[in-house]
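Undergrad: One structure follows; several queries about it will come next.
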Amino acid sequence: MIQVNSLHYNHPTSTRATRSHTLTPHDAVTLFCIIDGESETTVSILEDHILESISSTSWNIRETSQDFGYITERYNSFVTSFPREDISDIRILLGMLQWENLTLSTVGGTHGVFIEESGNAIDITVHENKSYEFHSITTGKIPVWATVYLSNDNIESLLGYEVLSELSHLTPEAWSDTSKQILEREISSNLHIIRLSRRLYDSGFPAFSRERKKQSDILRDHWAILVEYVRSKKMWEKTKWLIQKIPTLENRKYQYAFIGIGVIILFALAYSLISSILWVLSNTTSDSKNLLIQAKILIDDGQKLTSNPTAFSAKMKEAEKILFDLRKEQSHVLDTQELLGRITSMKKEVYDIQEIDMTNLTSVIPFNSLDITPIGVFEKDKKLTLVGEKWAIMNYVTWDKIIKVTPYPSSETVKSFDIWEDGSIYLLTDKNSVLSPRRDDFARINVTGQNWWEDALSIKTFNGNIYLLETSKNQIQRHKPWVNGFSQKSSLLSKIQPGIFDISIDGGIYIYMDDGKILRYIGDKDTLSSIVLNKIPGEWKLDTTQKSEFISRSYLSYTYILNWDRIWVFQPDSKRFQDVKSWTYIGQLELKTDTPVRHISVPRDGTIHITTTKWVYDLNFEFVDGKIIFK
C-alpha cells in the first residue's frame, strides 16, 4: 500500500502562483498535478484546462497510459496558442499512480526524487527549463521501503538529499509537522511537496545524528568490501577445502585430529581476517579494488530495480562511470570487462534491445566486386535498386547473377535520395542537381524560377513535392510539381529553426533536431509542436556525428529511426497523421555487422533492407503483442 501525503507551503513574500492537486478519477488510479508560474492568470487558465482534461477522460483501467498521454497531448496542443513570453516560466508536473506504478511527465523545472531503502536519492524527472510542452514520459515501479517526492521546485537543492532521506522515515503526521517547520525556517519561496511512500515508519527523526548516519554508511561500505576481499583470498578457499575433508568423529584418534585441524583452521581464519581488516583500513575507497567492488554493489542494486527503468539507469550510469575510469587506467581489465558485459546484458533485457548478428548472413545483392560505394537501397515492384555514390544497380531481382551498373551523368556524386509512395525516385548530388531514373539512365530534373537547386544536405519527397533541408540546417524548402519539372523554392517554416538534423514525412512532417527533440510541423496552423516519446527506457539521444535514417510513411504503422548501429522502433498514437501527437517506444535492434551501416529502407512493416558499405541484408520479423519477433 502506497501512502500519499501532500504539503503546501506558500511563502508570504513570494510573487509566484503555485497550485497542486491530488485526484482519484478511478479507484485504482491517483493523479498528481503541480503547476507553478509568475502570472496568476496564466496559471489559473492552464490549471483549469488540465483539470478539465482529467475530468473528461474515461479512465479505462486497461488503457491508463493512453489516457495519461491524452492529457499531455491535449495540453501541448492548447499551449501553442499562448505567446511564448506568457508561458516561459511555467513549471508543471503531472503524475499518475496505478497500484505501485508511477508515471511522470514535466514542463520546466519541476522535480521528482526517488529515495531508496539505503537512503540514496535519484532524480527521476527530465528537466528542460526552457520547454513549454510535455516532451517525455517516465514510468517505473515504486519498490517496497522506497519513497518518492514530487515538487514544483528543485527540492534536492533546497532541502538536500540527507534531509529528504531522513524525512522519508517519518510517519505521515510527523512528516507534515516536521517538514512545515523546516520550510518555514529555511525556505523563502513557494514549495508544494507530494510524498509517495511504501515503507514502515519510525515515530520521529532517527535517533542517530547525520554524522553517525554517515559513519554507518561508511562502515556498511567497508563491510561489503571486507567480505568481497576475504572471499578473494586463497586462504579462504584452502580453509573451505580442509573443512570438506574432515572425517566423522566416531574414533578418538579422529577427535584429536579434528582438534588439531580446528586449531590450524582457527589460525588460518584469524590470519585471513586480520590481514583483510588491515588491508581495508590501510586503503581508501579510491583504491582500484575498492572501486571495482563499489561498481559490483551498484550493479547488484540495479538488478533489483529492473521494474523501474529510471532508477535502474541511474545505478548503471554510476557503475559505468567507475568502470570506464578503471578501464582508462588499465586497472583490473578482465574484471572490468566482465562487469561492463553484465551491464550490457541487463540493459538489453530491461530496454528490450535485440542484437541482430548479420555477419553470417548473405548479401541479397552480390556487388562486393564492384567499386560502387553504396549509399542505400529501395524496393519497387519487388525489385531492388542499389544507389551508389557514382553508379546505381537498377531493378535487380534478388539472387539474380546478372548485374547491370548505370552511371550518373557527368560523374556526379549522389549524397541523398528518396522514393515517393508512387515509386518516383529522386537523387540529390554533390553539385546540387536532382536526378531521376529514366529507363536505363538518369536525367536531370528542372527547377523553375531559379538558376539551380539550392545548396542542400538531404532530399525528401511526398505527394509529388520535393523537400530539401538547407545546408544552414535552419530551413526546409519545398518545390511543387511544375511544367517540365518543379516550381521555385518556398520556405516551409515561417521562422528559421536552428539545429535541424533531418526530416521525415508520412502526410505529417516530422523535424528531427540536433538535441534529440522531434517536432511536428502543422501546416494549416503554421506551428511546430513536440512529439511526446512514451515509455522511453534509459536515455533517448541521437548521435548526430553518425549516419542516420528517419522513416515515416503513410503505408507503415510504425516509425523507424536508424542512428549509427541501432534501429529504434516507435508506434504513433493515431493512424491519422493529422492526429499524431506522441510515439510509443516498441524496441531497439542492435545491428552487428562487419562493415558500417549506411542506410535502411522499410517497404512494409516486417521487412527492413539494411545497406552497409559492402553488403545489403534483409531482416524479416513481425509484431506480436507490441514486441518485435523475428521469423
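In the C-alpha cells, each chain is lettered A, B, ... as it comes, each chain's residues begin at 1, and ligands are numbered from 1 in order of appearance.
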Residues within 12 Å of Glu355 of chain A, please, as a ChimeraX atom specification. Count only C-alpha atoms; anything in the same chain fewer than 6 positions from it doesn't count.
TA: /A:344-345,347-349,565-567,587-593,628,630
Undergrad: Hey, can you spit out that residue selection with C-alpha atoms as a PDB file, in the first residue's frame?
TA:
```pdb
ATOM      1  CA  THR A 344      25.150  -4.505 -21.281  1.00  0.00           C
ATOM      2  CA  SER A 345      23.205  -7.752 -20.901  1.00  0.00           C
ATOM      3  CA  LYS A 347      20.300  -3.156 -20.283  1.00  0.00           C
ATOM      4  CA  LYS A 348      19.251  -5.222 -23.284  1.00  0.00           C
ATOM      5  CA  GLU A 349      16.791  -7.165 -21.167  1.00  0.00           C
ATOM      6  CA  ASP A 565      24.191   0.758 -35.383  1.00  0.00           C
ATOM      7  CA  ARG A 566      20.745   0.902 -33.733  1.00  0.00           C
ATOM      8  CA  ILE A 567      17.228   0.947 -35.111  1.00  0.00           C
ATOM      9  CA  GLY A 587      12.017  -1.730 -29.030  1.00  0.00           C
ATOM     10  CA  GLN A 588      15.524  -1.434 -30.425  1.00  0.00           C
ATOM     11  CA  LEU A 589      17.529  -3.530 -32.857  1.00  0.00           C
ATOM     12  CA  GLU A 590      21.274  -3.507 -32.298  1.00  0.00           C
ATOM     13  CA  LEU A 591      22.961  -4.348 -35.599  1.00  0.00           C
ATOM     14  CA  LYS A 592      26.199  -6.302 -35.613  1.00  0.00           C
ATOM     15  CA  THR A 593      27.949  -6.126 -38.988  1.00  0.00           C
ATOM     16  CA  ILE A 628       9.288  -7.485 -32.307  1.00  0.00           C
ATOM     17  CA  PHE A 630      11.970 -12.384 -35.794  1.00  0.00           C
TER      18      PHE A 630
END
```
Undergrad: Please run DSSP on the backbone and report, as number ranges by chain, all residues within segment 340-524 of chain A that come out as strand (DSSP E).
TA: A: 353-357, 374-380, 383-388, 391-396, 405-407, 414-419, 425-429, 434-438, 441-444, 456-462, 465-470, 476-479, 481-482, 485-486, 490-491, 500-505, 509-513, 518-522
Undergrad: List the spatial neighbours of Asn120 of chain A as a ChimeraX atom specification - criterion: any atom at most 12 Å away, only C-alpha atoms, same-chain residues fewer than 2 positions off excluded.
TA: /A:113-118,122-123,146-148,156,160-166,168,214,217,298,301,311,314-315
Undergrad: Can I get the selected residues back with C-alpha atoms, as an mmCIF file, in the first residue's frame?
TA:
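What follows is the written file result.cif:
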```
data_model
loop_
_atom_site.group_PDB
_atom_site.id
_atom_site.type_symbol
_atom_site.label_atom_id
_atom_site.label_comp_id
_atom_site.auth_asym_id
_atom_site.auth_seq_id
_atom_site.Cartn_x
_atom_site.Cartn_y
_atom_site.Cartn_z
ATOM 1 C CA VAL A 113 13.140 12.424 -6.365
ATOM 2 C CA PHE A 114 13.308 8.671 -5.630
ATOM 3 C CA ILE A 115 14.681 7.715 -2.168
ATOM 4 C CA GLU A 116 15.900 4.114 -1.955
ATOM 5 C CA GLU A 117 15.811 1.936 1.142
ATOM 6 C CA SER A 118 19.553 2.591 1.559
ATOM 7 C CA ILE A 122 17.831 9.557 -7.526
ATOM 8 C CA ASP A 123 16.408 12.338 -9.677
ATOM 9 C CA ALA A 146 11.081 3.391 -1.106
ATOM 10 C CA THR A 147 9.797 6.987 -1.039
ATOM 11 C CA VAL A 148 9.154 9.415 -3.908
ATOM 12 C CA GLU A 156 17.064 18.293 -3.799
ATOM 13 C CA GLY A 160 19.332 18.291 0.429
ATOM 14 C CA TYR A 161 19.389 14.541 -0.069
ATOM 15 C CA GLU A 162 20.143 13.796 3.598
ATOM 16 C CA VAL A 163 17.141 15.731 4.877
ATOM 17 C CA LEU A 164 14.878 14.093 2.276
ATOM 18 C CA SER A 165 16.192 10.677 3.285
ATOM 19 C CA GLU A 166 15.603 11.316 6.994
ATOM 20 C CA SER A 168 11.177 9.615 4.446
ATOM 21 C CA LYS A 214 27.387 8.957 7.507
ATOM 22 C CA ASP A 217 27.133 4.202 5.695
ATOM 23 C CA LEU A 298 25.831 -0.785 -7.708
ATOM 24 C CA ASP A 301 21.443 -2.972 -6.525
ATOM 25 C CA ALA A 311 16.234 4.099 -11.108
ATOM 26 C CA ALA A 314 20.857 5.802 -12.620
ATOM 27 C CA LYS A 315 22.580 2.833 -10.950
#
```
Undergrad: May I ask for the distance between atom CA of Asp515 of chain A and atom CA of Pro498 of chain A, given in Å to one decimal place?
TA: 10.7 Å
Undergrad: Could you pull the residues within 10 Å of Asn360 of chain A, counting only C-alpha atoms, minus those fewer than 2 positions along the same chain, as a PyMOL selection string?
TA: chain A and resi 357-358+362-363+593-594
Undergrad: Which one of A:Ser188, A:Ser582, A:Asp153, A:Leu196 sits closest to Leu102 of chain A if you count only C-alpha atoms?
TA: A:Leu196
Undergrad: Please list as a list in words every residue within 8 Å of Leu323 of chain A, counting only C-alpha atoms and excluding residues in the same chain fewer than 4 positions away.
TA: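 Residues meeting the cut-off are Leu292, Ala295, Ala319, Arg327, Thr336, Leu339 and Leu340 of chain A.
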Undergrad: Using only C-alpha atoms, determine which residues lie at most 9 Å from Arg84 of chain A, disregarding the query and same-chain residues fewer than 4 positions distant; provide the list as a list in words.
TA: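 Skipping anything fewer than 4 positions along the chain leaves Thr80, Ser88 and Tyr132 of chain A.
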Undergrad: Measuring between only C-alpha atoms, which one of A:Ile531, A:Ile187, A:Val4, A:Ile608 shows the shortest distance to Trp99 of chain A?
TA: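 Among A:Ile531, A:Ile187, A:Val4, A:Ile608, it is A:Val4 that comes nearest to Trp99 of chain A.
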Undergrad: With only C-alpha atoms as the basis for distance, which of A:Thr22, A:Thr559, A:Ser433, A:Asn10 is at the shortest distance from Glu184 of chain A?
TA: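 Using only C-alpha atoms, Glu184 of chain A sits closest to A:Asn10.
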